[in-house]
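As stored in input-v9.cif (mmCIF, N, CA and C atoms):
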```cif
data_model
#
loop_
_atom_site.group_PDB
_atom_site.id
_atom_site.type_symbol
_atom_site.label_atom_id
_atom_site.label_comp_id
_atom_site.auth_asym_id
_atom_site.auth_seq_id
_atom_site.Cartn_x
_atom_site.Cartn_y
_atom_site.Cartn_z
ATOM 1 N N MET L 1 120.476 82.424 115.372
ATOM 2 C CA MET L 1 120.399 83.386 116.457
ATOM 3 C C MET L 1 119.562 84.575 115.983
ATOM 4 N N THR L 2 118.674 84.998 116.838
ATOM 5 C CA THR L 2 117.841 86.159 116.558
ATOM 6 C C THR L 2 118.339 87.330 117.400
ATOM 7 N N ASN L 3 118.484 88.474 116.774
ATOM 8 C CA ASN L 3 118.910 89.683 117.477
ATOM 9 C C ASN L 3 117.736 90.655 117.552
ATOM 10 N N THR L 4 117.556 91.247 118.712
ATOM 11 C CA THR L 4 116.501 92.242 118.896
ATOM 12 C C THR L 4 116.947 93.237 119.960
ATOM 13 N N ASN L 5 116.236 94.331 120.059
ATOM 14 C CA ASN L 5 116.539 95.283 121.133
ATOM 15 C C ASN L 5 115.536 95.073 122.270
ATOM 16 N N ILE L 6 115.804 95.656 123.393
ATOM 17 C CA ILE L 6 114.999 95.429 124.590
ATOM 18 C C ILE L 6 113.563 95.910 124.412
ATOM 19 N N THR L 7 113.365 96.992 123.693
ATOM 20 C CA THR L 7 112.013 97.508 123.475
ATOM 21 C C THR L 7 111.181 96.505 122.679
ATOM 22 N N ASN L 8 111.750 96.008 121.598
ATOM 23 C CA ASN L 8 111.059 95.019 120.775
ATOM 24 C C ASN L 8 110.842 93.720 121.552
ATOM 25 N N PHE L 9 111.840 93.325 122.339
ATOM 26 C CA PHE L 9 111.696 92.107 123.146
ATOM 27 C C PHE L 9 110.541 92.258 124.139
ATOM 28 N N ARG L 10 110.475 93.402 124.795
ATOM 29 C CA ARG L 10 109.414 93.647 125.770
ATOM 30 C C ARG L 10 108.036 93.536 125.118
ATOM 31 N N LYS L 11 107.902 94.076 123.915
ATOM 32 C CA LYS L 11 106.616 94.038 123.207
ATOM 33 C C LYS L 11 106.232 92.622 122.783
ATOM 34 N N ASN L 12 107.249 91.790 122.475
ATOM 35 C CA ASN L 12 107.007 90.458 121.910
ATOM 36 C C ASN L 12 107.616 89.347 122.748
ATOM 37 N N MET L 13 107.648 89.527 124.059
ATOM 38 C CA MET L 13 108.327 88.593 124.944
ATOM 39 C C MET L 13 107.848 87.153 124.773
ATOM 40 N N PHE L 14 106.535 86.932 124.762
ATOM 41 C CA PHE L 14 106.022 85.573 124.649
ATOM 42 C C PHE L 14 106.502 84.929 123.348
ATOM 43 N N LYS L 15 106.440 85.674 122.245
ATOM 44 C CA LYS L 15 106.863 85.155 120.943
ATOM 45 C C LYS L 15 108.330 84.740 120.980
ATOM 46 N N TYR L 16 109.187 85.572 121.557
ATOM 47 C CA TYR L 16 110.613 85.266 121.596
ATOM 48 C C TYR L 16 110.925 84.072 122.500
ATOM 49 N N VAL L 17 110.289 84.014 123.654
ATOM 50 C CA VAL L 17 110.535 82.888 124.563
ATOM 51 C C VAL L 17 110.039 81.599 123.919
ATOM 52 N N ASN L 18 108.892 81.652 123.304
ATOM 53 C CA ASN L 18 108.348 80.481 122.623
ATOM 54 C C ASN L 18 109.280 80.038 121.488
ATOM 55 N N GLN L 19 109.833 80.991 120.772
ATOM 56 C CA GLN L 19 110.772 80.704 119.688
ATOM 57 C C GLN L 19 112.015 79.994 120.235
ATOM 58 N N ALA L 20 112.486 80.426 121.382
ATOM 59 C CA ALA L 20 113.651 79.796 122.005
ATOM 60 C C ALA L 20 113.337 78.358 122.424
ATOM 61 N N VAL L 21 112.153 78.150 122.990
ATOM 62 C CA VAL L 21 111.782 76.821 123.478
ATOM 63 C C VAL L 21 111.455 75.876 122.327
ATOM 64 N N GLU L 22 110.604 76.309 121.414
ATOM 65 C CA GLU L 22 110.139 75.417 120.339
ATOM 66 C C GLU L 22 111.180 75.157 119.259
ATOM 67 N N TYR L 23 111.943 76.176 118.894
ATOM 68 C CA TYR L 23 112.858 76.054 117.763
ATOM 69 C C TYR L 23 114.329 76.083 118.171
ATOM 70 N N HIS L 24 114.595 76.071 119.468
ATOM 71 C CA HIS L 24 115.968 76.097 119.989
ATOM 72 C C HIS L 24 116.753 77.292 119.460
ATOM 73 N N ASP L 25 116.046 78.389 119.259
ATOM 74 C CA ASP L 25 116.681 79.621 118.794
ATOM 75 C C ASP L 25 117.308 80.332 119.995
ATOM 76 N N ILE L 26 118.427 80.954 119.778
ATOM 77 C CA ILE L 26 119.067 81.773 120.801
ATOM 78 C C ILE L 26 118.666 83.218 120.509
ATOM 79 N N ILE L 27 118.150 83.912 121.518
ATOM 80 C CA ILE L 27 117.694 85.282 121.350
ATOM 81 C C ILE L 27 118.706 86.215 122.014
ATOM 82 N N ASN L 28 119.302 87.089 121.222
ATOM 83 C CA ASN L 28 120.255 88.071 121.730
ATOM 84 C C ASN L 28 119.527 89.405 121.856
ATOM 85 N N ILE L 29 119.472 89.927 123.072
ATOM 86 C CA ILE L 29 118.745 91.169 123.342
ATOM 87 C C ILE L 29 119.755 92.266 123.662
ATOM 88 N N SER L 30 119.735 93.321 122.861
ATOM 89 C CA SER L 30 120.679 94.419 123.087
ATOM 90 C C SER L 30 120.013 95.531 123.896
ATOM 91 N N THR L 31 120.778 96.073 124.820
ATOM 92 C CA THR L 31 120.341 97.217 125.611
ATOM 93 C C THR L 31 121.480 98.233 125.618
ATOM 94 N N LYS L 32 121.204 99.403 126.106
ATOM 95 C CA LYS L 32 122.272 100.401 126.151
ATOM 96 C C LYS L 32 123.331 100.047 127.201
ATOM 97 N N ASN L 33 122.992 99.140 128.122
ATOM 98 C CA ASN L 33 123.942 98.741 129.163
ATOM 99 C C ASN L 33 124.657 97.427 128.859
ATOM 100 N N GLY L 34 124.375 96.829 127.714
ATOM 101 C CA GLY L 34 124.984 95.547 127.360
ATOM 102 C C GLY L 34 123.929 94.609 126.792
ATOM 103 N N ASN L 35 124.332 93.397 126.488
ATOM 104 C CA ASN L 35 123.425 92.430 125.885
ATOM 105 C C ASN L 35 123.084 91.309 126.855
ATOM 106 N N ALA L 36 121.942 90.663 126.580
ATOM 107 C CA ALA L 36 121.516 89.485 127.333
ATOM 108 C C ALA L 36 121.116 88.420 126.324
ATOM 109 N N VAL L 37 121.153 87.172 126.750
ATOM 110 C CA VAL L 37 120.823 86.058 125.871
ATOM 111 C C VAL L 37 119.728 85.224 126.518
ATOM 112 N N ILE L 38 118.759 84.811 125.689
ATOM 113 C CA ILE L 38 117.696 83.912 126.155
ATOM 114 C C ILE L 38 117.818 82.636 125.346
ATOM 115 N N MET L 39 117.759 81.508 126.025
ATOM 116 C CA MET L 39 117.779 80.202 125.363
ATOM 117 C C MET L 39 116.881 79.255 126.133
ATOM 118 N N SER L 40 116.494 78.170 125.503
ATOM 119 C CA SER L 40 115.647 77.204 126.182
ATOM 120 C C SER L 40 116.430 76.518 127.301
ATOM 121 N N GLU L 41 115.698 75.970 128.252
ATOM 122 C CA GLU L 41 116.338 75.220 129.330
ATOM 123 C C GLU L 41 117.092 74.021 128.763
ATOM 124 N N GLU L 42 116.529 73.394 127.739
ATOM 125 C CA GLU L 42 117.179 72.243 127.113
ATOM 126 C C GLU L 42 118.527 72.642 126.502
ATOM 127 N N GLU L 43 118.554 73.778 125.801
ATOM 128 C CA GLU L 43 119.815 74.275 125.239
ATOM 129 C C GLU L 43 120.819 74.594 126.346
ATOM 130 N N TYR L 44 120.340 75.243 127.393
ATOM 131 C CA TYR L 44 121.206 75.604 128.522
ATOM 132 C C TYR L 44 121.802 74.357 129.165
ATOM 133 N N ASN L 45 120.951 73.356 129.428
ATOM 134 C CA ASN L 45 121.432 72.121 130.055
ATOM 135 C C ASN L 45 122.458 71.415 129.170
ATOM 136 N N GLY L 46 122.221 71.408 127.853
ATOM 137 C CA GLY L 46 123.182 70.809 126.929
ATOM 138 C C GLY L 46 124.514 71.545 126.942
ATOM 139 N N LEU L 47 124.450 72.861 127.002
ATOM 140 C CA LEU L 47 125.662 73.671 127.069
ATOM 141 C C LEU L 47 126.437 73.397 128.354
ATOM 142 N N MET L 48 125.723 73.302 129.461
ATOM 143 C CA MET L 48 126.377 73.029 130.747
ATOM 144 C C MET L 48 127.000 71.626 130.760
ATOM 145 N N GLU L 49 126.313 70.653 130.168
ATOM 146 C CA GLU L 49 126.854 69.291 130.108
ATOM 147 C C GLU L 49 128.116 69.266 129.254
ATOM 148 N N THR L 50 128.081 69.949 128.114
ATOM 149 C CA THR L 50 129.257 70.012 127.245
ATOM 150 C C THR L 50 130.425 70.670 127.961
ATOM 151 N N LEU L 51 130.148 71.743 128.662
ATOM 152 C CA LEU L 51 131.190 72.439 129.421
ATOM 153 C C LEU L 51 131.777 71.528 130.494
ATOM 154 N N HIS L 52 130.910 70.822 131.200
ATOM 155 C CA HIS L 52 131.368 69.899 132.248
ATOM 156 C C HIS L 52 132.236 68.790 131.645
ATOM 157 N N LEU L 53 131.761 68.183 130.553
ATOM 158 C CA LEU L 53 132.515 67.082 129.940
ATOM 159 C C LEU L 53 133.851 67.559 129.381
ATOM 160 N N SER L 54 133.888 68.780 128.883
ATOM 161 C CA SER L 54 135.132 69.278 128.295
ATOM 162 C C SER L 54 136.197 69.562 129.343
ATOM 163 N N THR L 55 135.815 69.591 130.608
ATOM 164 C CA THR L 55 136.804 69.813 131.670
ATOM 165 C C THR L 55 137.304 68.505 132.275
ATOM 166 N N ASP L 56 136.738 67.379 131.845
ATOM 167 C CA ASP L 56 137.136 66.062 132.364
ATOM 168 C C ASP L 56 138.258 65.515 131.474
ATOM 169 N N PRO L 57 139.485 65.407 132.005
ATOM 170 C CA PRO L 57 140.614 64.955 131.180
ATOM 171 C C PRO L 57 140.386 63.568 130.562
ATOM 172 N N ARG L 58 139.727 62.684 131.277
ATOM 173 C CA ARG L 58 139.475 61.336 130.763
ATOM 174 C C ARG L 58 138.559 61.396 129.536
ATOM 175 N N VAL L 59 137.507 62.195 129.629
ATOM 176 C CA VAL L 59 136.573 62.333 128.511
ATOM 177 C C VAL L 59 137.273 62.984 127.322
ATOM 178 N N LYS L 60 138.071 64.022 127.565
ATOM 179 C CA LYS L 60 138.803 64.685 126.482
ATOM 180 C C LYS L 60 139.724 63.699 125.771
ATOM 181 N N LYS L 61 140.380 62.834 126.541
ATOM 182 C CA LYS L 61 141.284 61.830 125.956
ATOM 183 C C LYS L 61 140.496 60.848 125.100
ATOM 184 N N GLU L 62 139.340 60.384 125.598
ATOM 185 C CA GLU L 62 138.520 59.436 124.841
ATOM 186 C C GLU L 62 137.996 60.059 123.548
ATOM 187 N N ILE L 63 137.616 61.309 123.605
ATOM 188 C CA ILE L 63 137.133 61.994 122.396
ATOM 189 C C ILE L 63 138.267 62.122 121.383
ATOM 190 N N ALA L 64 139.455 62.519 121.837
ATOM 191 C CA ALA L 64 140.599 62.665 120.937
ATOM 192 C C ALA L 64 140.948 61.319 120.304
ATOM 193 N N GLU L 65 140.895 60.243 121.082
ATOM 194 C CA GLU L 65 141.168 58.914 120.538
ATOM 195 C C GLU L 65 140.102 58.529 119.518
ATOM 196 N N GLY L 66 138.860 58.842 119.808
ATOM 197 C CA GLY L 66 137.772 58.531 118.892
ATOM 198 C C GLY L 66 137.888 59.270 117.577
ATOM 199 N N LEU L 67 138.373 60.502 117.627
ATOM 200 C CA LEU L 67 138.538 61.288 116.403
ATOM 201 C C LEU L 67 139.627 60.713 115.497
ATOM 202 N N ARG L 68 140.587 60.026 116.100
ATOM 203 C CA ARG L 68 141.673 59.419 115.317
ATOM 204 C C ARG L 68 141.272 58.056 114.743
ATOM 205 N N GLU L 69 140.170 57.490 115.219
ATOM 206 C CA GLU L 69 139.698 56.172 114.769
ATOM 207 C C GLU L 69 139.206 56.269 113.319
ATOM 208 N N PRO L 70 139.732 55.426 112.422
ATOM 209 C CA PRO L 70 139.237 55.445 111.035
ATOM 210 C C PRO L 70 137.742 55.101 110.992
ATOM 211 N N LEU L 71 137.018 55.784 110.151
ATOM 212 C CA LEU L 71 135.575 55.611 110.063
ATOM 213 C C LEU L 71 135.199 54.155 109.791
ATOM 214 N N GLU L 72 135.965 53.484 108.952
ATOM 215 C CA GLU L 72 135.633 52.092 108.619
ATOM 216 C C GLU L 72 135.812 51.139 109.806
ATOM 217 N N ASP L 73 136.540 51.574 110.838
ATOM 218 C CA ASP L 73 136.714 50.748 112.036
ATOM 219 C C ASP L 73 135.634 51.000 113.089
ATOM 220 N N CYS L 74 134.788 51.971 112.857
ATOM 221 C CA CYS L 74 133.736 52.310 113.818
ATOM 222 C C CYS L 74 132.544 51.377 113.641
ATOM 223 N N ILE L 75 131.820 51.145 114.729
ATOM 224 C CA ILE L 75 130.626 50.310 114.631
ATOM 225 C C ILE L 75 129.463 51.154 114.126
ATOM 226 N N GLY L 76 128.500 50.501 113.510
ATOM 227 C CA GLY L 76 127.347 51.197 112.972
ATOM 228 C C GLY L 76 126.427 51.705 114.064
ATOM 229 N N GLU L 77 125.659 52.720 113.736
ATOM 230 C CA GLU L 77 124.737 53.314 114.711
ATOM 231 C C GLU L 77 123.740 52.286 115.239
ATOM 232 N N ASP L 78 123.316 51.364 114.381
ATOM 233 C CA ASP L 78 122.357 50.340 114.807
ATOM 234 C C ASP L 78 122.968 49.313 115.756
ATOM 235 N N GLU L 79 124.288 49.318 115.904
ATOM 236 C CA GLU L 79 124.966 48.391 116.801
ATOM 237 C C GLU L 79 125.247 48.989 118.187
ATOM 238 N N VAL L 80 124.995 50.277 118.342
ATOM 239 C CA VAL L 80 125.280 50.962 119.608
ATOM 240 C C VAL L 80 124.165 50.681 120.602
ATOM 241 N N GLU L 81 124.535 50.323 121.817
ATOM 242 C CA GLU L 81 123.568 50.129 122.885
ATOM 243 C C GLU L 81 123.487 51.411 123.698
ATOM 244 N N TRP L 82 122.327 52.039 123.695
ATOM 245 C CA TRP L 82 122.135 53.308 124.395
ATOM 246 C C TRP L 82 121.620 53.056 125.760
#
```
Show me, as structure tokens, the structure contained in the file I just sent.
Amino acid sequence: MTNTNITNFRKNMFKYVNQAVEYHDIINISTKNGNAVIMSEEEYNGLMETLHLSTDPRVKKEIAEGLREPLEDCIGEDEVEW
């Protein structure tokens, strides 16, 4: 995460936005009225998907069951059909 103030962000806006998009960096911008965050659309979409999935009781149950599965009982990555 990169922290900057609004004045510096204004001067270097393109650099910061590009940094968020290319390197998936989160930019925290401080102002006297509070802070704002800039992130890539890809990061935002991933965050929204995670939030959505975490509210689905069925998905939460499957994840909890998967975490209890012994590693040696799991299938290899090359065996997964995507």
Might you spell out which residues the PyMOL selection byres (((chain L and resi 22-24 and name CA) around 12) and name CA) would select in the displayed file, as JSON, numbers by chain? {"L": [1, 2, 14, 15, 16, 17, 18, 19, 20, 21, 25, 26, 27, 38, 39, 40, 41, 42, 43, 44, 46]}
DSSP strand (DSSP E or B) selection over chain L, as a ChimeraX atom specification: /L:2-5,27-31,34-38
Spatial neighbours of Thr31 of chain L, max dist 6.5 Å, all atoms listed in the file, sep filter under 4 positions, as a ChimeraX atom specification: /L:5-6,35-36
Please determine, counting only C-alpha atoms, which residue among L:Ile29, L:Glu81, L:Arg58, L:Leu71 has the shortest atom-to-atom distance to Met13 of chain L. L:Ile29
Which distance in Å separates atom N of Glu79 of chain L and atom C of Leu67 of chain L, to one decimal? 19.1 Å
Just to confirm, what's the straight-line distance from atom N of Lys32 of chain L to atom CA of Asn3 of chain L in Å (one decimal)?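 The value is 13.2 Å.
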What are the centre and edge lengths in Å, to one decimal, of the axis-aligned box around all listed atoms of segment 19-29 of chain L with 6 Å added on each side, as lines of an AutoDock Vina configuration file?
```
center_x = 115.0
center_y = 83.7
center_z = 120.7
size_x = 22.4
size_y = 29.1
size_z = 17.9
```
Rounded to one decimal place, report the atom N of Thr4 of chain L-atom C of Asn33 of chain L distance in Å. 13.8 Å
Any chance you could list, as a PDB file with N, CA and C atoms, in the coordinates of the input, the residues in chain L that come up alpha helix (DSSP H) when DSSP is run on the backbone?
```pdb
ATOM      1  N   ILE L   6     115.804  95.656 123.393  1.00  0.00           N
ATOM      2  CA  ILE L   6     114.999  95.429 124.590  1.00  0.00           C
ATOM      3  C   ILE L   6     113.563  95.910 124.412  1.00  0.00           C
ATOM      4  N   THR L   7     113.365  96.992 123.693  1.00  0.00           N
ATOM      5  CA  THR L   7     112.013  97.508 123.475  1.00  0.00           C
ATOM      6  C   THR L   7     111.181  96.505 122.679  1.00  0.00           C
ATOM      7  N   ASN L   8     111.750  96.008 121.598  1.00  0.00           N
ATOM      8  CA  ASN L   8     111.059  95.019 120.775  1.00  0.00           C
ATOM      9  C   ASN L   8     110.842  93.720 121.552  1.00  0.00           C
ATOM     10  N   PHE L   9     111.840  93.325 122.339  1.00  0.00           N
ATOM     11  CA  PHE L   9     111.696  92.107 123.146  1.00  0.00           C
ATOM     12  C   PHE L   9     110.541  92.258 124.139  1.00  0.00           C
ATOM     13  N   ARG L  10     110.475  93.402 124.795  1.00  0.00           N
ATOM     14  CA  ARG L  10     109.414  93.647 125.770  1.00  0.00           C
ATOM     15  C   ARG L  10     108.036  93.536 125.118  1.00  0.00           C
ATOM     16  N   LYS L  11     107.902  94.076 123.915  1.00  0.00           N
ATOM     17  CA  LYS L  11     106.616  94.038 123.207  1.00  0.00           C
ATOM     18  C   LYS L  11     106.232  92.622 122.783  1.00  0.00           C
ATOM     19  N   MET L  13     107.648  89.527 124.059  1.00  0.00           N
ATOM     20  CA  MET L  13     108.327  88.593 124.944  1.00  0.00           C
ATOM     21  C   MET L  13     107.848  87.153 124.773  1.00  0.00           C
ATOM     22  N   PHE L  14     106.535  86.932 124.762  1.00  0.00           N
ATOM     23  CA  PHE L  14     106.022  85.573 124.649  1.00  0.00           C
ATOM     24  C   PHE L  14     106.502  84.929 123.348  1.00  0.00           C
ATOM     25  N   LYS L  15     106.440  85.674 122.245  1.00  0.00           N
ATOM     26  CA  LYS L  15     106.863  85.155 120.943  1.00  0.00           C
ATOM     27  C   LYS L  15     108.330  84.740 120.980  1.00  0.00           C
ATOM     28  N   TYR L  16     109.187  85.572 121.557  1.00  0.00           N
ATOM     29  CA  TYR L  16     110.613  85.266 121.596  1.00  0.00           C
ATOM     30  C   TYR L  16     110.925  84.072 122.500  1.00  0.00           C
ATOM     31  N   VAL L  17     110.289  84.014 123.654  1.00  0.00           N
ATOM     32  CA  VAL L  17     110.535  82.888 124.563  1.00  0.00           C
ATOM     33  C   VAL L  17     110.039  81.599 123.919  1.00  0.00           C
ATOM     34  N   ASN L  18     108.892  81.652 123.304  1.00  0.00           N
ATOM     35  CA  ASN L  18     108.348  80.481 122.623  1.00  0.00           C
ATOM     36  C   ASN L  18     109.280  80.038 121.488  1.00  0.00           C
ATOM     37  N   GLN L  19     109.833  80.991 120.772  1.00  0.00           N
ATOM     38  CA  GLN L  19     110.772  80.704 119.688  1.00  0.00           C
ATOM     39  C   GLN L  19     112.015  79.994 120.235  1.00  0.00           C
ATOM     40  N   ALA L  20     112.486  80.426 121.382  1.00  0.00           N
ATOM     41  CA  ALA L  20     113.651  79.796 122.005  1.00  0.00           C
ATOM     42  C   ALA L  20     113.337  78.358 122.424  1.00  0.00           C
ATOM     43  N   VAL L  21     112.153  78.150 122.990  1.00  0.00           N
ATOM     44  CA  VAL L  21     111.782  76.821 123.478  1.00  0.00           C
ATOM     45  C   VAL L  21     111.455  75.876 122.327  1.00  0.00           C
ATOM     46  N   GLU L  22     110.604  76.309 121.414  1.00  0.00           N
ATOM     47  CA  GLU L  22     110.139  75.417 120.339  1.00  0.00           C
ATOM     48  C   GLU L  22     111.180  75.157 119.259  1.00  0.00           C
ATOM     49  N   TYR L  23     111.943  76.176 118.894  1.00  0.00           N
ATOM     50  CA  TYR L  23     112.858  76.054 117.763  1.00  0.00           C
ATOM     51  C   TYR L  23     114.329  76.083 118.171  1.00  0.00           C
ATOM     52  N   GLU L  41     115.698  75.970 128.252  1.00  0.00           N
ATOM     53  CA  GLU L  41     116.338  75.220 129.330  1.00  0.00           C
ATOM     54  C   GLU L  41     117.092  74.021 128.763  1.00  0.00           C
ATOM     55  N   GLU L  42     116.529  73.394 127.739  1.00  0.00           N
ATOM     56  CA  GLU L  42     117.179  72.243 127.113  1.00  0.00           C
ATOM     57  C   GLU L  42     118.527  72.642 126.502  1.00  0.00           C
ATOM     58  N   GLU L  43     118.554  73.778 125.801  1.00  0.00           N
ATOM     59  CA  GLU L  43     119.815  74.275 125.239  1.00  0.00           C
ATOM     60  C   GLU L  43     120.819  74.594 126.346  1.00  0.00           C
ATOM     61  N   TYR L  44     120.340  75.243 127.393  1.00  0.00           N
ATOM     62  CA  TYR L  44     121.206  75.604 128.522  1.00  0.00           C
ATOM     63  C   TYR L  44     121.802  74.357 129.165  1.00  0.00           C
ATOM     64  N   ASN L  45     120.951  73.356 129.428  1.00  0.00           N
ATOM     65  CA  ASN L  45     121.432  72.121 130.055  1.00  0.00           C
ATOM     66  C   ASN L  45     122.458  71.415 129.170  1.00  0.00           C
ATOM     67  N   GLY L  46     122.221  71.408 127.853  1.00  0.00           N
ATOM     68  CA  GLY L  46     123.182  70.809 126.929  1.00  0.00           C
ATOM     69  C   GLY L  46     124.514  71.545 126.942  1.00  0.00           C
ATOM     70  N   LEU L  47     124.450  72.861 127.002  1.00  0.00           N
ATOM     71  CA  LEU L  47     125.662  73.671 127.069  1.00  0.00           C
ATOM     72  C   LEU L  47     126.437  73.397 128.354  1.00  0.00           C
ATOM     73  N   MET L  48     125.723  73.302 129.461  1.00  0.00           N
ATOM     74  CA  MET L  48     126.377  73.029 130.747  1.00  0.00           C
ATOM     75  C   MET L  48     127.000  71.626 130.760  1.00  0.00           C
ATOM     76  N   GLU L  49     126.313  70.653 130.168  1.00  0.00           N
ATOM     77  CA  GLU L  49     126.854  69.291 130.108  1.00  0.00           C
ATOM     78  C   GLU L  49     128.116  69.266 129.254  1.00  0.00           C
ATOM     79  N   THR L  50     128.081  69.949 128.114  1.00  0.00           N
ATOM     80  CA  THR L  50     129.257  70.012 127.245  1.00  0.00           C
ATOM     81  C   THR L  50     130.425  70.670 127.961  1.00  0.00           C
ATOM     82  N   LEU L  51     130.148  71.743 128.662  1.00  0.00           N
ATOM     83  CA  LEU L  51     131.190  72.439 129.421  1.00  0.00           C
ATOM     84  C   LEU L  51     131.777  71.528 130.494  1.00  0.00           C
ATOM     85  N   HIS L  52     130.910  70.822 131.200  1.00  0.00           N
ATOM     86  CA  HIS L  52     131.368  69.899 132.248  1.00  0.00           C
ATOM     87  C   HIS L  52     132.236  68.790 131.645  1.00  0.00           C
ATOM     88  N   LEU L  53     131.761  68.183 130.553  1.00  0.00           N
ATOM     89  CA  LEU L  53     132.515  67.082 129.940  1.00  0.00           C
ATOM     90  C   LEU L  53     133.851  67.559 129.381  1.00  0.00           C
ATOM     91  N   SER L  54     133.888  68.780 128.883  1.00  0.00           N
ATOM     92  CA  SER L  54     135.132  69.278 128.295  1.00  0.00           C
ATOM     93  C   SER L  54     136.197  69.562 129.343  1.00  0.00           C
ATOM     94  N   PRO L  57     139.485  65.407 132.005  1.00  0.00           N
ATOM     95  CA  PRO L  57     140.614  64.955 131.180  1.00  0.00           C
ATOM     96  C   PRO L  57     140.386  63.568 130.562  1.00  0.00           C
ATOM     97  N   ARG L  58     139.727  62.684 131.277  1.00  0.00           N
ATOM     98  CA  ARG L  58     139.475  61.336 130.763  1.00  0.00           C
ATOM     99  C   ARG L  58     138.559  61.396 129.536  1.00  0.00           C
ATOM    100  N   VAL L  59     137.507  62.195 129.629  1.00  0.00           N
ATOM    101  CA  VAL L  59     136.573  62.333 128.511  1.00  0.00           C
ATOM    102  C   VAL L  59     137.273  62.984 127.322  1.00  0.00           C
ATOM    103  N   LYS L  60     138.071  64.022 127.565  1.00  0.00           N
ATOM    104  CA  LYS L  60     138.803  64.685 126.482  1.00  0.00           C
ATOM    105  C   LYS L  60     139.724  63.699 125.771  1.00  0.00           C
ATOM    106  N   LYS L  61     140.380  62.834 126.541  1.00  0.00           N
ATOM    107  CA  LYS L  61     141.284  61.830 125.956  1.00  0.00           C
ATOM    108  C   LYS L  61     140.496  60.848 125.100  1.00  0.00           C
ATOM    109  N   GLU L  62     139.340  60.384 125.598  1.00  0.00           N
ATOM    110  CA  GLU L  62     138.520  59.436 124.841  1.00  0.00           C
ATOM    111  C   GLU L  62     137.996  60.059 123.548  1.00  0.00           C
ATOM    112  N   ILE L  63     137.616  61.309 123.605  1.00  0.00           N
ATOM    113  CA  ILE L  63     137.133  61.994 122.396  1.00  0.00           C
ATOM    114  C   ILE L  63     138.267  62.122 121.383  1.00  0.00           C
ATOM    115  N   ALA L  64     139.455  62.519 121.837  1.00  0.00           N
ATOM    116  CA  ALA L  64     140.599  62.665 120.937  1.00  0.00           C
ATOM    117  C   ALA L  64     140.948  61.319 120.304  1.00  0.00           C
ATOM    118  N   GLU L  65     140.895  60.243 121.082  1.00  0.00           N
ATOM    119  CA  GLU L  65     141.168  58.914 120.538  1.00  0.00           C
ATOM    120  C   GLU L  65     140.102  58.529 119.518  1.00  0.00           C
ATOM    121  N   GLY L  66     138.860  58.842 119.808  1.00  0.00           N
ATOM    122  CA  GLY L  66     137.772  58.531 118.892  1.00  0.00           C
ATOM    123  C   GLY L  66     137.888  59.270 117.577  1.00  0.00           C
ATOM    124  N   LEU L  67     138.373  60.502 117.627  1.00  0.00           N
ATOM    125  CA  LEU L  67     138.538  61.288 116.403  1.00  0.00           C
ATOM    126  C   LEU L  67     139.627  60.713 115.497  1.00  0.00           C
ATOM    127  N   ARG L  68     140.587  60.026 116.100  1.00  0.00           N
ATOM    128  CA  ARG L  68     141.673  59.419 115.317  1.00  0.00           C
ATOM    129  C   ARG L  68     141.272  58.056 114.743  1.00  0.00           C
TER     130      ARG L  68
END
```
